[in-house]
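Novice: Have a peek at protein-v6.pdb (PDB, C-alpha atoms).
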ATOM      1  CA  MET U   1     -21.333   6.133 -23.084
ATOM      2  CA  LYS U   2     -19.688   6.857 -19.716
ATOM      3  CA  ILE U   3     -18.021   4.213 -17.609
ATOM      4  CA  SER U   4     -15.583   4.222 -14.687
ATOM      5  CA  VAL U   5     -12.180   2.614 -15.155
ATOM      6  CA  ASN U   6     -10.040   2.326 -12.024
ATOM      7  CA  GLY U   7     -12.034   5.112 -10.430
ATOM      8  CA  LYS U   8     -11.788   7.504 -13.382
ATOM      9  CA  GLU U   9     -14.677   8.500 -15.622
ATOM     10  CA  THR U  10     -14.028   7.371 -19.177
ATOM     11  CA  ILE U  11     -15.965   7.932 -22.386
ATOM     12  CA  LEU U  12     -16.342   4.832 -24.496
ATOM     13  CA  ASP U  13     -18.070   3.850 -27.732
ATOM     14  CA  ASN U  14     -20.882   1.317 -27.475
ATOM     15  CA  GLY U  15     -20.009  -2.299 -28.071
ATOM     16  CA  VAL U  16     -16.430  -2.209 -26.755
ATOM     17  CA  THR U  17     -15.153  -5.523 -25.391
ATOM     18  CA  ILE U  18     -12.915  -5.915 -22.343
ATOM     19  CA  LYS U  19      -9.997  -6.830 -24.620
ATOM     20  CA  GLU U  20     -10.481  -3.622 -26.584
ATOM     21  CA  LEU U  21     -10.683  -1.618 -23.359
ATOM     22  CA  LEU U  22      -7.445  -3.164 -22.084
ATOM     23  CA  GLU U  23      -5.793  -2.112 -25.322
ATOM     24  CA  LYS U  24      -7.228   1.390 -25.173
ATOM     25  CA  GLU U  25      -5.908   1.760 -21.618
ATOM     26  CA  TYR U  26      -2.458   0.397 -22.582
ATOM     27  CA  VAL U  27      -2.638  -2.356 -19.973
ATOM     28  CA  GLU U  28       0.502  -4.469 -19.909
ATOM     29  CA  MET U  29       0.387  -8.252 -19.537
ATOM     30  CA  GLN U  30      -3.246  -8.395 -20.512
ATOM     31  CA  GLU U  31      -3.399 -12.158 -20.086
ATOM     32  CA  TYR U  32      -2.671 -11.748 -16.365
ATOM     33  CA  VAL U  33      -4.794  -8.832 -15.288
ATOM     34  CA  THR U  34      -7.982  -9.566 -13.363
ATOM     35  CA  VAL U  35     -10.922  -7.525 -14.612
ATOM     36  CA  GLN U  36     -13.863  -6.773 -12.331
ATOM     37  CA  VAL U  37     -16.980  -5.321 -13.936
ATOM     38  CA  ASN U  38     -19.406  -4.019 -11.311
ATOM     39  CA  GLU U  39     -19.327  -6.834  -8.746
ATOM     40  CA  ASN U  40     -18.154  -9.639 -10.970
ATOM     41  CA  ILE U  41     -14.737 -10.960 -11.878
ATOM     42  CA  ILE U  42     -14.924 -11.726 -15.591
ATOM     43  CA  PRO U  43     -13.292 -15.003 -16.694
ATOM     44  CA  ARG U  44     -10.192 -14.310 -18.784
ATOM     45  CA  ASP U  45     -11.458 -16.357 -21.706
ATOM     46  CA  SER U  46     -14.408 -13.950 -21.984
ATOM     47  CA  TYR U  47     -12.329 -10.791 -22.449
ATOM     48  CA  LYS U  48     -12.787 -10.897 -26.232
ATOM     49  CA  THR U  49     -16.537 -11.342 -26.010
ATOM     50  CA  HIS U  50     -17.711  -9.473 -22.894
ATOM     51  CA  ILE U  51     -19.167  -6.105 -23.938
ATOM     52  CA  ILE U  52     -18.884  -3.136 -21.566
ATOM     53  CA  LYS U  53     -22.210  -1.408 -20.862
ATOM     54  CA  ASP U  54     -23.100   2.176 -20.028
ATOM     55  CA  SER U  55     -22.346   3.099 -16.382
ATOM     56  CA  ASP U  56     -20.266  -0.035 -15.787
ATOM     57  CA  THR U  57     -17.618   0.228 -13.059
ATOM     58  CA  VAL U  58     -14.483  -1.490 -14.305
ATOM     59  CA  GLU U  59     -11.445  -2.277 -12.149
ATOM     60  CA  PHE U  60      -8.155  -3.745 -13.316
ATOM     61  CA  LEU U  61      -6.635  -5.779 -10.480
ATOM     62  CA  TYR U  62      -3.002  -6.804 -10.721
ATOM     63  CA  TYR U  63      -0.913  -9.570  -9.257
ATOM     64  CA  MET U  64       1.531  -8.001  -6.840
ATOM     65  CA  GLY U  65       3.968 -10.396  -5.265
ATOM     66  CA  GLY U  66       7.123  -8.612  -4.225
ATOM     67  CA  GLY U  67      10.435 -10.148  -3.300
ATOM     68  CA  SER U  68      12.332 -12.651  -5.321
ATOM     69  CA  ASN U  69      11.589 -15.603  -7.555
TER
ATOM     70  CA  MET M   1      -5.104  -9.338  34.246
ATOM     71  CA  ASN M   2      -2.683  -7.365  36.403
ATOM     72  CA  PHE M   3      -0.374  -5.045  34.590
ATOM     73  CA  THR M   4       3.035  -4.326  36.054
ATOM     74  CA  ASN M   5       3.955  -0.684  36.535
ATOM     75  CA  GLU M   6       6.381  -1.068  33.671
ATOM     76  CA  GLN M   7       3.641  -2.357  31.378
ATOM     77  CA  LEU M   8       1.315   0.492  32.378
ATOM     78  CA  GLU M   9       4.096   2.866  31.424
ATOM     79  CA  ARG M  10       5.120   1.024  28.266
ATOM     80  CA  TYR M  11       1.595   0.755  26.886
ATOM     81  CA  SER M  12       0.282   4.031  28.291
ATOM     82  CA  ARG M  13      -0.381   5.506  24.855
ATOM     83  CA  HIS M  14      -2.656   2.540  24.073
ATOM     84  CA  ILE M  15      -4.316   2.522  27.460
ATOM     85  CA  ILE M  16      -5.401   6.143  27.275
ATOM     86  CA  LEU M  17      -6.958   5.582  23.840
ATOM     87  CA  ASP M  18     -10.714   5.138  24.377
ATOM     88  CA  ASP M  19     -10.959   2.402  21.772
ATOM     89  CA  VAL M  20      -8.131   0.390  23.344
ATOM     90  CA  SER M  21      -7.912   1.020  27.113
ATOM     91  CA  VAL M  22      -6.848  -1.636  29.587
ATOM     92  CA  LYS M  23      -9.226  -4.224  28.120
ATOM     93  CA  GLY M  24      -7.831  -3.775  24.629
ATOM     94  CA  GLN M  25      -4.231  -3.907  25.785
ATOM     95  CA  GLU M  26      -5.068  -7.105  27.656
ATOM     96  CA  LYS M  27      -6.403  -8.577  24.411
ATOM     97  CA  ILE M  28      -3.191  -7.572  22.635
ATOM     98  CA  LEU M  29      -0.999  -9.101  25.345
ATOM     99  CA  ASN M  30      -2.970 -12.349  25.116
ATOM    100  CA  SER M  31      -2.969 -12.477  21.311
ATOM    101  CA  LYS M  32      -0.905 -14.572  18.935
ATOM    102  CA  VAL M  33       0.056 -13.402  15.459
ATOM    103  CA  LEU M  34       1.957 -15.460  12.896
ATOM    104  CA  ILE M  35       4.064 -13.552  10.368
ATOM    105  CA  ILE M  36       5.053 -15.598   7.348
ATOM    106  CA  GLY M  37       8.051 -13.926   5.724
ATOM    107  CA  THR M  38      10.318 -11.561   7.686
ATOM    108  CA  GLY M  39      11.195  -9.405   4.694
ATOM    109  CA  GLY M  40       9.963  -6.118   3.295
ATOM    110  CA  LEU M  41       6.425  -6.530   4.605
ATOM    111  CA  GLY M  42       6.984  -8.846   7.548
ATOM    112  CA  ALA M  43       9.783  -6.763   9.062
ATOM    113  CA  PRO M  44       7.814  -3.583   9.843
ATOM    114  CA  ALA M  45       4.701  -5.596  10.717
ATOM    115  CA  ALA M  46       6.692  -7.626  13.245
ATOM    116  CA  MET M  47       8.293  -4.515  14.758
ATOM    117  CA  TYR M  48       5.003  -2.726  15.266
ATOM    118  CA  LEU M  49       3.228  -5.798  16.615
ATOM    119  CA  GLY M  50       6.148  -6.374  18.968
ATOM    120  CA  ALA M  51       6.026  -2.758  20.107
ATOM    121  CA  ALA M  52       2.280  -3.063  20.673
ATOM    122  CA  GLY M  53       2.841  -5.998  23.001
ATOM    123  CA  VAL M  54       1.362  -8.869  21.021
ATOM    124  CA  GLY M  55       1.892 -11.754  23.430
ATOM    125  CA  THR M  56       3.143 -14.332  20.947
ATOM    126  CA  ILE M  57       4.638 -13.546  17.558
ATOM    127  CA  GLY M  58       5.539 -16.419  15.245
ATOM    128  CA  LEU M  59       8.125 -15.732  12.540
ATOM    129  CA  VAL M  60       8.372 -18.061   9.539
ATOM    130  CA  ASP M  61      11.289 -17.672   7.129
ATOM    131  CA  GLY M  62      13.909 -20.072   5.772
ATOM    132  CA  ASP M  63      16.292 -17.376   4.501
ATOM    133  CA  THR M  64      19.355 -15.723   5.958
ATOM    134  CA  VAL M  65      19.837 -11.966   6.031
ATOM    135  CA  ASP M  66      21.378 -10.638   2.815
ATOM    136  CA  LEU M  67      22.979  -7.202   2.340
ATOM    137  CA  SER M  68      20.407  -6.317  -0.315
ATOM    138  CA  ASN M  69      17.650  -6.860   2.271
ATOM    139  CA  LEU M  70      18.799  -3.960   4.410
ATOM    140  CA  GLN M  71      17.445  -1.291   2.061
ATOM    141  CA  ARG M  72      13.978  -2.126   3.407
ATOM    142  CA  GLN M  73      13.911  -4.964   5.946
ATOM    143  CA  ILE M  74      14.444  -2.764   8.950
ATOM    144  CA  ILE M  75      14.122  -5.528  11.527
ATOM    145  CA  HIS M  76      17.608  -6.692  10.449
ATOM    146  CA  SER M  77      20.922  -4.872  10.805
ATOM    147  CA  THR M  78      24.291  -4.931   9.052
ATOM    148  CA  ARG M  79      25.734  -7.175  11.742
ATOM    149  CA  ASP M  80      22.950  -9.725  11.029
ATOM    150  CA  VAL M  81      24.061 -10.432   7.449
ATOM    151  CA  GLY M  82      24.366 -14.200   7.136
ATOM    152  CA  LYS M  83      22.148 -14.889  10.170
ATOM    153  CA  PRO M  84      18.824 -16.712   9.850
ATOM    154  CA  LYS M  85      16.170 -14.052   9.428
ATOM    155  CA  VAL M  86      13.929 -15.475  12.119
ATOM    156  CA  ILE M  87      16.766 -15.298  14.671
ATOM    157  CA  SER M  88      17.638 -11.745  13.692
ATOM    158  CA  GLY M  89      13.919 -10.911  13.827
ATOM    159  CA  LYS M  90      13.483 -12.427  17.267
ATOM    160  CA  GLU M  91      16.475 -10.522  18.613
ATOM    161  CA  SER M  92      15.191  -7.213  17.285
ATOM    162  CA  ILE M  93      11.683  -7.708  18.634
ATOM    163  CA  ASN M  94      12.898  -8.678  22.089
ATOM    164  CA  LEU M  95      15.364  -5.779  22.242
ATOM    165  CA  LEU M  96      12.385  -3.521  21.659
ATOM    166  CA  ASN M  97      10.003  -5.449  23.887
ATOM    167  CA  PRO M  98      11.039  -8.315  26.174
ATOM    168  CA  ASP M  99       7.320  -9.021  26.914
ATOM    169  CA  VAL M 100       6.870 -10.743  23.561
ATOM    170  CA  ASN M 101       7.266 -14.488  23.185
ATOM    171  CA  VAL M 102       8.805 -14.815  19.720
ATOM    172  CA  VAL M 103       8.503 -18.298  18.246
ATOM    173  CA  THR M 104      10.816 -18.960  15.310
ATOM    174  CA  TYR M 105      10.184 -21.345  12.434
ATOM    175  CA  ASN M 106      13.434 -21.391  10.448
ATOM    176  CA  GLU M 107      11.878 -22.936   7.332
ATOM    177  CA  ARG M 108       9.946 -22.008   4.211
ATOM    178  CA  ALA M 109       6.195 -22.413   4.425
ATOM    179  CA  THR M 110       5.077 -25.385   2.303
ATOM    180  CA  SER M 111       2.051 -27.651   2.025
ATOM    181  CA  GLN M 112       3.865 -30.040   4.378
ATOM    182  CA  ASN M 113       4.328 -27.681   7.310
ATOM    183  CA  ILE M 114       1.996 -24.701   7.119
ATOM    184  CA  LEU M 115      -1.026 -26.236   8.829
ATOM    185  CA  GLU M 116       1.150 -27.519  11.662
ATOM    186  CA  ILE M 117       2.824 -24.141  12.054
ATOM    187  CA  ILE M 118      -0.477 -22.257  12.213
ATOM    188  CA  GLN M 119      -1.858 -24.765  14.692
ATOM    189  CA  ASP M 120       1.347 -24.847  16.754
ATOM    190  CA  LYS M 121       0.168 -21.923  18.869
ATOM    191  CA  ASP M 122      -3.335 -21.714  17.365
ATOM    192  CA  TYR M 123      -2.499 -18.255  16.050
ATOM    193  CA  ASP M 124      -5.317 -15.694  16.039
ATOM    194  CA  PHE M 125      -4.231 -13.800  12.925
ATOM    195  CA  ILE M 126      -1.785 -14.484  10.132
ATOM    196  CA  ILE M 127       0.206 -11.957   8.134
ATOM    197  CA  ASP M 128       1.345 -12.819   4.632
ATOM    198  CA  GLY M 129       4.704 -11.090   4.330
ATOM    199  CA  THR M 130       5.917 -13.435   1.609
ATOM    200  CA  ASP M 131       7.475 -12.667  -1.707
ATOM    201  CA  ASN M 132       6.117 -15.185  -4.186
ATOM    202  CA  PHE M 133       2.742 -16.221  -5.541
ATOM    203  CA  PRO M 134       2.833 -19.974  -4.868
ATOM    204  CA  VAL M 135       3.155 -19.363  -1.149
ATOM    205  CA  LYS M 136       0.593 -16.549  -1.181
ATOM    206  CA  PHE M 137      -1.968 -18.981  -2.519
ATOM    207  CA  LEU M 138      -0.797 -21.581  -0.016
ATOM    208  CA  ILE M 139      -1.335 -19.171   2.881
ATOM    209  CA  ASN M 140      -4.757 -18.261   1.534
ATOM    210  CA  ASP M 141      -5.848 -21.861   1.216
ATOM    211  CA  ALA M 142      -4.461 -22.848   4.628
ATOM    212  CA  CYS M 143      -6.261 -19.943   6.305
ATOM    213  CA  VAL M 144      -9.529 -20.711   4.542
ATOM    214  CA  MET M 145      -9.238 -24.370   5.548
ATOM    215  CA  LEU M 146      -8.392 -23.557   9.169
ATOM    216  CA  LYS M 147     -10.872 -20.650   9.287
ATOM    217  CA  LYS M 148      -8.160 -18.172  10.254
ATOM    218  CA  PRO M 149      -8.180 -14.472   9.374
ATOM    219  CA  PHE M 150      -5.185 -13.165   7.479
ATOM    220  CA  SER M 151      -3.777 -10.116   5.776
ATOM    221  CA  HIS M 152      -2.549 -10.477   2.185
ATOM    222  CA  ALA M 153      -0.173  -7.925   0.678
ATOM    223  CA  GLY M 154       2.314  -7.312  -2.112
ATOM    224  CA  ILE M 155       4.676  -4.516  -3.170
ATOM    225  CA  ILE M 156       6.656  -3.631  -6.300
ATOM    226  CA  ARG M 157       8.374  -0.510  -7.625
ATOM    227  CA  PHE M 158       6.332   2.368  -6.185
ATOM    228  CA  GLN M 159       3.154   0.382  -5.556
ATOM    229  CA  GLY M 160       1.545  -1.809  -2.974
ATOM    230  CA  GLN M 161      -1.718  -3.491  -2.214
ATOM    231  CA  THR M 162      -3.355  -5.290   0.675
ATOM    232  CA  MET M 163      -6.619  -6.964   1.642
ATOM    233  CA  THR M 164      -7.843  -8.737   4.762
ATOM    234  CA  TYR M 165      -9.610 -12.095   4.798
ATOM    235  CA  VAL M 166     -11.901 -12.906   7.690
ATOM    236  CA  PRO M 167     -13.803 -16.200   7.345
ATOM    237  CA  GLU M 168     -17.415 -15.690   6.212
ATOM    238  CA  GLN M 169     -16.899 -11.922   5.989
ATOM    239  CA  GLY M 170     -15.635 -11.389   2.496
ATOM    240  CA  PRO M 171     -13.631 -12.754  -0.405
ATOM    241  CA  CYS M 172     -10.416 -14.691  -0.076
ATOM    242  CA  TYR M 173      -7.392 -14.065  -2.290
ATOM    243  CA  ARG M 174      -8.424 -16.848  -4.672
ATOM    244  CA  CYS M 175     -11.860 -15.273  -5.189
ATOM    245  CA  ILE M 176     -10.061 -12.444  -6.963
ATOM    246  CA  PHE M 177      -6.940 -14.011  -8.450
ATOM    247  CA  GLN M 178      -8.003 -17.670  -8.982
ATOM    248  CA  ASN M 179      -4.500 -19.149  -9.548
ATOM    249  CA  PRO M 180      -0.877 -18.051  -9.437
ATOM    250  CA  PRO M 181       0.536 -16.634 -12.655
ATOM    251  CA  PRO M 182       3.106 -18.814 -14.418
ATOM    252  CA  PRO M 183       6.658 -18.287 -13.102
ATOM    253  CA  ASP M 184       8.592 -15.350 -14.576
ATOM    254  CA  VAL M 185       5.538 -13.588 -15.956
ATOM    255  CA  VAL M 186       5.021 -11.028 -13.199
ATOM    256  CA  PRO M 187       8.164  -9.069 -12.299
ATOM    257  CA  THR M 188       9.603  -9.497  -8.835
ATOM    258  CA  CYS M 189      11.329  -6.866  -6.725
ATOM    259  CA  GLN M 190      14.610  -8.502  -7.616
ATOM    260  CA  GLN M 191      13.894  -7.809 -11.305
ATOM    261  CA  ALA M 192      11.958  -4.566 -11.167
ATOM    262  CA  GLY M 193      13.073  -3.037  -7.886
ATOM    263  CA  VAL M 194      11.035  -1.590  -5.053
ATOM    264  CA  LEU M 195      11.200   1.652  -3.113
ATOM    265  CA  GLY M 196      12.249   0.310   0.279
ATOM    266  CA  VAL M 197       9.700   2.246   2.256
ATOM    267  CA  MET M 198       6.800   0.588   0.371
ATOM    268  CA  GLY M 199       7.206  -2.392   2.698
ATOM    269  CA  GLY M 200       6.994  -0.038   5.648
ATOM    270  CA  ILE M 201       3.783   1.571   4.482
ATOM    271  CA  ILE M 202       1.965  -1.589   3.501
ATOM    272  CA  GLY M 203       3.471  -3.807   6.232
ATOM    273  CA  SER M 204       2.393  -1.293   8.862
ATOM    274  CA  ILE M 205      -1.129  -1.353   7.471
ATOM    275  CA  GLN M 206      -1.057  -5.133   7.833
ATOM    276  CA  ALA M 207      -0.027  -4.763  11.487
ATOM    277  CA  SER M 208      -2.800  -2.230  11.948
ATOM    278  CA  GLU M 209      -5.353  -4.693  10.556
ATOM    279  CA  ALA M 210      -4.109  -7.378  12.935
ATOM    280  CA  LEU M 211      -4.400  -5.055  15.940
ATOM    281  CA  LYS M 212      -7.875  -3.842  14.941
ATOM    282  CA  TYR M 213      -8.998  -7.445  14.596
ATOM    283  CA  ILE M 214      -7.564  -8.350  17.993
ATOM    284  CA  ILE M 215      -9.000  -5.335  19.782
ATOM    285  CA  GLY M 216     -12.278  -5.519  17.849
ATOM    286  CA  VAL M 217     -12.356  -1.942  16.617
ATOM    287  CA  GLY M 218     -12.757  -0.139  13.298
ATOM    288  CA  ASP M 219     -13.421  -1.358   9.781
ATOM    289  CA  LEU M 220     -11.152  -4.036   8.368
ATOM    290  CA  LEU M 221     -10.152  -4.375   4.737
ATOM    291  CA  THR M 222     -12.583  -7.232   4.276
ATOM    292  CA  GLY M 223     -14.199  -7.052   0.856
ATOM    293  CA  LYS M 224     -11.718  -4.291  -0.009
ATOM    294  CA  LEU M 225      -8.495  -4.237  -1.986
ATOM    295  CA  LEU M 226      -6.440  -1.267  -0.840
ATOM    296  CA  THR M 227      -4.023  -0.123  -3.525
ATOM    297  CA  TYR M 228      -1.316   2.466  -3.046
ATOM    298  CA  ASP M 229       0.613   4.354  -5.684
ATOM    299  CA  ALA M 230       3.449   6.285  -4.040
ATOM    300  CA  LYS M 231       4.326   8.308  -7.129
ATOM    301  CA  LYS M 232       0.786   9.609  -7.531
ATOM    302  CA  MET M 233       0.381   9.655  -3.743
ATOM    303  CA  GLU M 234      -2.921   7.899  -4.169
ATOM    304  CA  PHE M 235      -4.715   5.281  -2.088
ATOM    305  CA  ARG M 236      -7.747   3.515  -3.527
ATOM    306  CA  LYS M 237     -10.097   1.165  -1.735
ATOM    307  CA  ILE M 238     -11.672  -1.105  -4.342
ATOM    308  CA  ASP M 239     -14.775  -3.120  -3.462
ATOM    309  CA  ILE M 240     -14.172  -6.819  -4.060
ATOM    310  CA  HIS M 241     -16.615  -9.655  -3.617
ATOM    311  CA  GLU M 242     -16.827 -13.298  -2.668
ATOM    312  CA  ASP M 243     -16.929 -15.621  -5.639
ATOM    313  CA  LYS M 244     -19.516 -18.319  -4.992
ATOM    314  CA  ASN M 245     -17.566 -20.478  -7.461
ATOM    315  CA  CYS M 246     -14.241 -19.951  -5.671
ATOM    316  CA  ALA M 247     -12.221 -23.158  -5.703
ATOM    317  CA  ILE M 248     -11.457 -22.944  -1.985
ATOM    318  CA  CYS M 249     -14.058 -20.807  -0.217
ATOM    319  CA  GLY M 250     -17.012 -21.078  -2.620
ATOM    320  CA  GLU M 251     -20.227 -23.055  -2.351
ATOM    321  CA  THR M 252     -18.730 -26.211  -3.865
ATOM    322  CA  PRO M 253     -14.967 -26.044  -3.307
ATOM    323  CA  THR M 254     -12.829 -28.168  -5.606
ATOM    324  CA  ILE M 255      -9.609 -27.763  -3.648
ATOM    325  CA  ASP M 256      -9.332 -30.045  -0.629
ATOM    326  CA  GLN M 257      -5.548 -30.277  -0.379
ATOM    327  CA  LEU M 258      -2.823 -27.684  -0.102
ATOM    328  CA  ILE M 259      -0.804 -27.125  -3.265
ATOM    329  CA  ASP M 260       2.895 -26.395  -3.740
ATOM    330  CA  TYR M 261       2.818 -24.648  -7.094
ATOM    331  CA  GLU M 262       6.022 -24.811  -9.115
ATOM    332  CA  LEU M 263       8.414 -22.426  -7.433
ATOM    333  CA  ASN M 264      11.037 -20.799  -9.595
ATOM    334  CA  VAL M 265      13.852 -20.515  -7.082
ATOM    335  CA  CYS M 266      16.573 -17.990  -7.816
ATOM    336  CA  GLY M 267      19.983 -19.649  -7.641
TER
END
Output the structure of this file as structure tokens.
Specialist:
Amino acid sequence: MKISVNGKETILDNGVTIKELLEKEYVEMQEYVTVQVNENIIPRDSYKTHIIKDSDTVEFLYYMGGGSN
Amino acid sequence: MNFTNEQLERYSRHIILDDVSVKGQEKILNSKVLIIGTGGLGAPAAMYLGAAGVGTIGLVDGDTVDLSNLQRQIIHSTRDVGKPKVISGKESINLLNPDVNVVTYNERATSQNILEIIQDKDYDFIIDGTDNFPVKFLINDACVMLKKPFSHAGIIRFQGQTMTYVPEQGPCYRCIFQNPPPPDVVPTCQQAGVLGVMGGIIGSIQASEALKYIIGVGDLLTGKLLTYDAKKMEFRKIDIHEDKNCAICGETPTIDQLIDYELNVCG
């Protein structure tokens, strides 16, 4: 199936979870990335269970703070 | 409002712009913008807002100018090392434009002072130029509570991002990021570095958002997260949405007090 990940078309098997997608895309700090699927922010504790569907638009949104501690 | 000849000359490039004109410049001269953090983001934002003639600019920062700041914080100079940033900032803005009333708050923004600071001049727009997550969430919550529009932004390495919150017109920062990450999890510029000019690019966009809001022109980054990757030379505008369960701006907010999250202060 075809989905969009961060604006790029990506081919994915059926039944892939968000966690598996994060791994496939080599996302660092997976516990701290915000994942938006279509219009919804998915709760982090659902990453292992939420299944991506055909034509989903997925965005990985990152904390970006700058500066110093 | 009567413009002096000098003002007509100084702001001529705004006045001849159809979307600004005399009316728009009047709005700018009567406006009040608070900039929290006079660092990588706040510095260029403050310079451009000063140049534009924003009537009152508030600068909030408890730090002094450090040599390592000068790679990107262009409002400060070598001779300012050791000086409170807000004083250095005020001097630079007024050298550029004596019209601007610069109000300095030589302190860190905390839950104990931020509401008072925002209400001090009843600022029209707030710019988050800060460098840590606890205070970014604090600014968000204070602006939601006081129903003030603000620009959020962050930069690191070769990347930056920004979004604009206008009450009732889109998500707040917490709608997207819920809570700050634990300390030391997300790298800071001190740890990972930042291309100095990233602050210039993103901070200038923040100033642009403030001016567009004040003048009432164009599309703001409400409901949009603008991300910039300088290496790929790529901007993306990602649609983001209000979370009806948001702890501060949602239908049944659970946060009714400002929070000072644990701040890991570098010694």
Novice: Compile the contact shell of range 100-115 of chain M as a PDB file with C-alpha atoms, in the coordinates of the input: residues with an atom at most 10 Å away, counting all atoms listed in the file, same-chain residues fewer than 4 positions apart removed.
Specialist:
ATOM      1  CA  LEU M  29      -0.999  -9.101  25.345  1.00  0.00           C
ATOM      2  CA  LYS M  32      -0.905 -14.572  18.935  1.00  0.00           C
ATOM      3  CA  VAL M  33       0.056 -13.402  15.459  1.00  0.00           C
ATOM      4  CA  LEU M  34       1.957 -15.460  12.896  1.00  0.00           C
ATOM      5  CA  ILE M  35       4.064 -13.552  10.368  1.00  0.00           C
ATOM      6  CA  ILE M  36       5.053 -15.598   7.348  1.00  0.00           C
ATOM      7  CA  GLY M  37       8.051 -13.926   5.724  1.00  0.00           C
ATOM      8  CA  ALA M  46       6.692  -7.626  13.245  1.00  0.00           C
ATOM      9  CA  LEU M  49       3.228  -5.798  16.615  1.00  0.00           C
ATOM     10  CA  GLY M  50       6.148  -6.374  18.968  1.00  0.00           C
ATOM     11  CA  ALA M  51       6.026  -2.758  20.107  1.00  0.00           C
ATOM     12  CA  ALA M  52       2.280  -3.063  20.673  1.00  0.00           C
ATOM     13  CA  GLY M  53       2.841  -5.998  23.001  1.00  0.00           C
ATOM     14  CA  VAL M  54       1.362  -8.869  21.021  1.00  0.00           C
ATOM     15  CA  GLY M  55       1.892 -11.754  23.430  1.00  0.00           C
ATOM     16  CA  THR M  56       3.143 -14.332  20.947  1.00  0.00           C
ATOM     17  CA  ILE M  57       4.638 -13.546  17.558  1.00  0.00           C
ATOM     18  CA  GLY M  58       5.539 -16.419  15.245  1.00  0.00           C
ATOM     19  CA  LEU M  59       8.125 -15.732  12.540  1.00  0.00           C
ATOM     20  CA  VAL M  60       8.372 -18.061   9.539  1.00  0.00           C
ATOM     21  CA  ASP M  61      11.289 -17.672   7.129  1.00  0.00           C
ATOM     22  CA  GLY M  62      13.909 -20.072   5.772  1.00  0.00           C
ATOM     23  CA  ASP M  63      16.292 -17.376   4.501  1.00  0.00           C
ATOM     24  CA  THR M  64      19.355 -15.723   5.958  1.00  0.00           C
ATOM     25  CA  PRO M  84      18.824 -16.712   9.850  1.00  0.00           C
ATOM     26  CA  LYS M  85      16.170 -14.052   9.428  1.00  0.00           C
ATOM     27  CA  VAL M  86      13.929 -15.475  12.119  1.00  0.00           C
ATOM     28  CA  ILE M  87      16.766 -15.298  14.671  1.00  0.00           C
ATOM     29  CA  GLY M  89      13.919 -10.911  13.827  1.00  0.00           C
ATOM     30  CA  LYS M  90      13.483 -12.427  17.267  1.00  0.00           C
ATOM     31  CA  GLU M  91      16.475 -10.522  18.613  1.00  0.00           C
ATOM     32  CA  ILE M  93      11.683  -7.708  18.634  1.00  0.00           C
ATOM     33  CA  ASN M  94      12.898  -8.678  22.089  1.00  0.00           C
ATOM     34  CA  LEU M  95      15.364  -5.779  22.242  1.00  0.00           C
ATOM     35  CA  LEU M  96      12.385  -3.521  21.659  1.00  0.00           C
ATOM     36  CA  GLN M 119      -1.858 -24.765  14.692  1.00  0.00           C
ATOM     37  CA  ASP M 120       1.347 -24.847  16.754  1.00  0.00           C
ATOM     38  CA  LYS M 121       0.168 -21.923  18.869  1.00  0.00           C
ATOM     39  CA  ASP M 122      -3.335 -21.714  17.365  1.00  0.00           C
ATOM     40  CA  THR M 130       5.917 -13.435   1.609  1.00  0.00           C
ATOM     41  CA  PRO M 134       2.833 -19.974  -4.868  1.00  0.00           C
ATOM     42  CA  VAL M 135       3.155 -19.363  -1.149  1.00  0.00           C
ATOM     43  CA  LYS M 136       0.593 -16.549  -1.181  1.00  0.00           C
ATOM     44  CA  LEU M 138      -0.797 -21.581  -0.016  1.00  0.00           C
ATOM     45  CA  ILE M 139      -1.335 -19.171   2.881  1.00  0.00           C
ATOM     46  CA  ASP M 141      -5.848 -21.861   1.216  1.00  0.00           C
ATOM     47  CA  ALA M 142      -4.461 -22.848   4.628  1.00  0.00           C
ATOM     48  CA  CYS M 143      -6.261 -19.943   6.305  1.00  0.00           C
ATOM     49  CA  MET M 145      -9.238 -24.370   5.548  1.00  0.00           C
ATOM     50  CA  LEU M 146      -8.392 -23.557   9.169  1.00  0.00           C
ATOM     51  CA  GLN M 257      -5.548 -30.277  -0.379  1.00  0.00           C
ATOM     52  CA  LEU M 258      -2.823 -27.684  -0.102  1.00  0.00           C
ATOM     53  CA  ILE M 259      -0.804 -27.125  -3.265  1.00  0.00           C
ATOM     54  CA  ASP M 260       2.895 -26.395  -3.740  1.00  0.00           C
ATOM     55  CA  TYR M 261       2.818 -24.648  -7.094  1.00  0.00           C
TER      56      TYR M 261
END
Novice: Which residue, U:Leu21, U:Ile42, U:Ile11, U:Val37, has the smallest gap to Asp56 in chain U when you use all atoms listed in the file?
Specialist: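 That would be U:Val37, the residue with the smallest distance to Asp56 in chain U.
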Novice: When you draw a straight line from CA of Ile156 in chain M to CA of Phe177 in chain M, how long is it in Å?
Specialist: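 These atoms are spaced 17.2 Å apart.
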Novice: Applied to the shown file, which residues does the ChimeraX specification (/U :<9) & /M return, written as a PyMOL selection string?
Specialist: chain M and resi 39-40+130-133+136+153-157+159-161+175-177+180-181+183-191+193-194+225+236+238-241+243+263-266
Novice: Where does the PyMOL selection byres ((chain M and resi 77) around 10) land in this file, that is, which residues does it pick, as an NGL selection string?
Specialist: :M and (65-67 or 69-70 or 73-76 or 78-81 or 88-89 or 92)
Novice: Residues within 10 Å of Tyr173 in chain M, please, as a list in words. Count all atoms listed in the file; anything in the same chain fewer than 4 positions from it doesn't count.
Specialist: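 Contacts, in chain order: Lys136, Phe137, Ile139, Asn140, Asp141, Val144, Ser151, His152, Ala153, Met163, Thr164, Tyr165, Phe177, Gln178, Asn179, Leu225, Glu242, Cys246, Ile248 and Cys249 of chain M.
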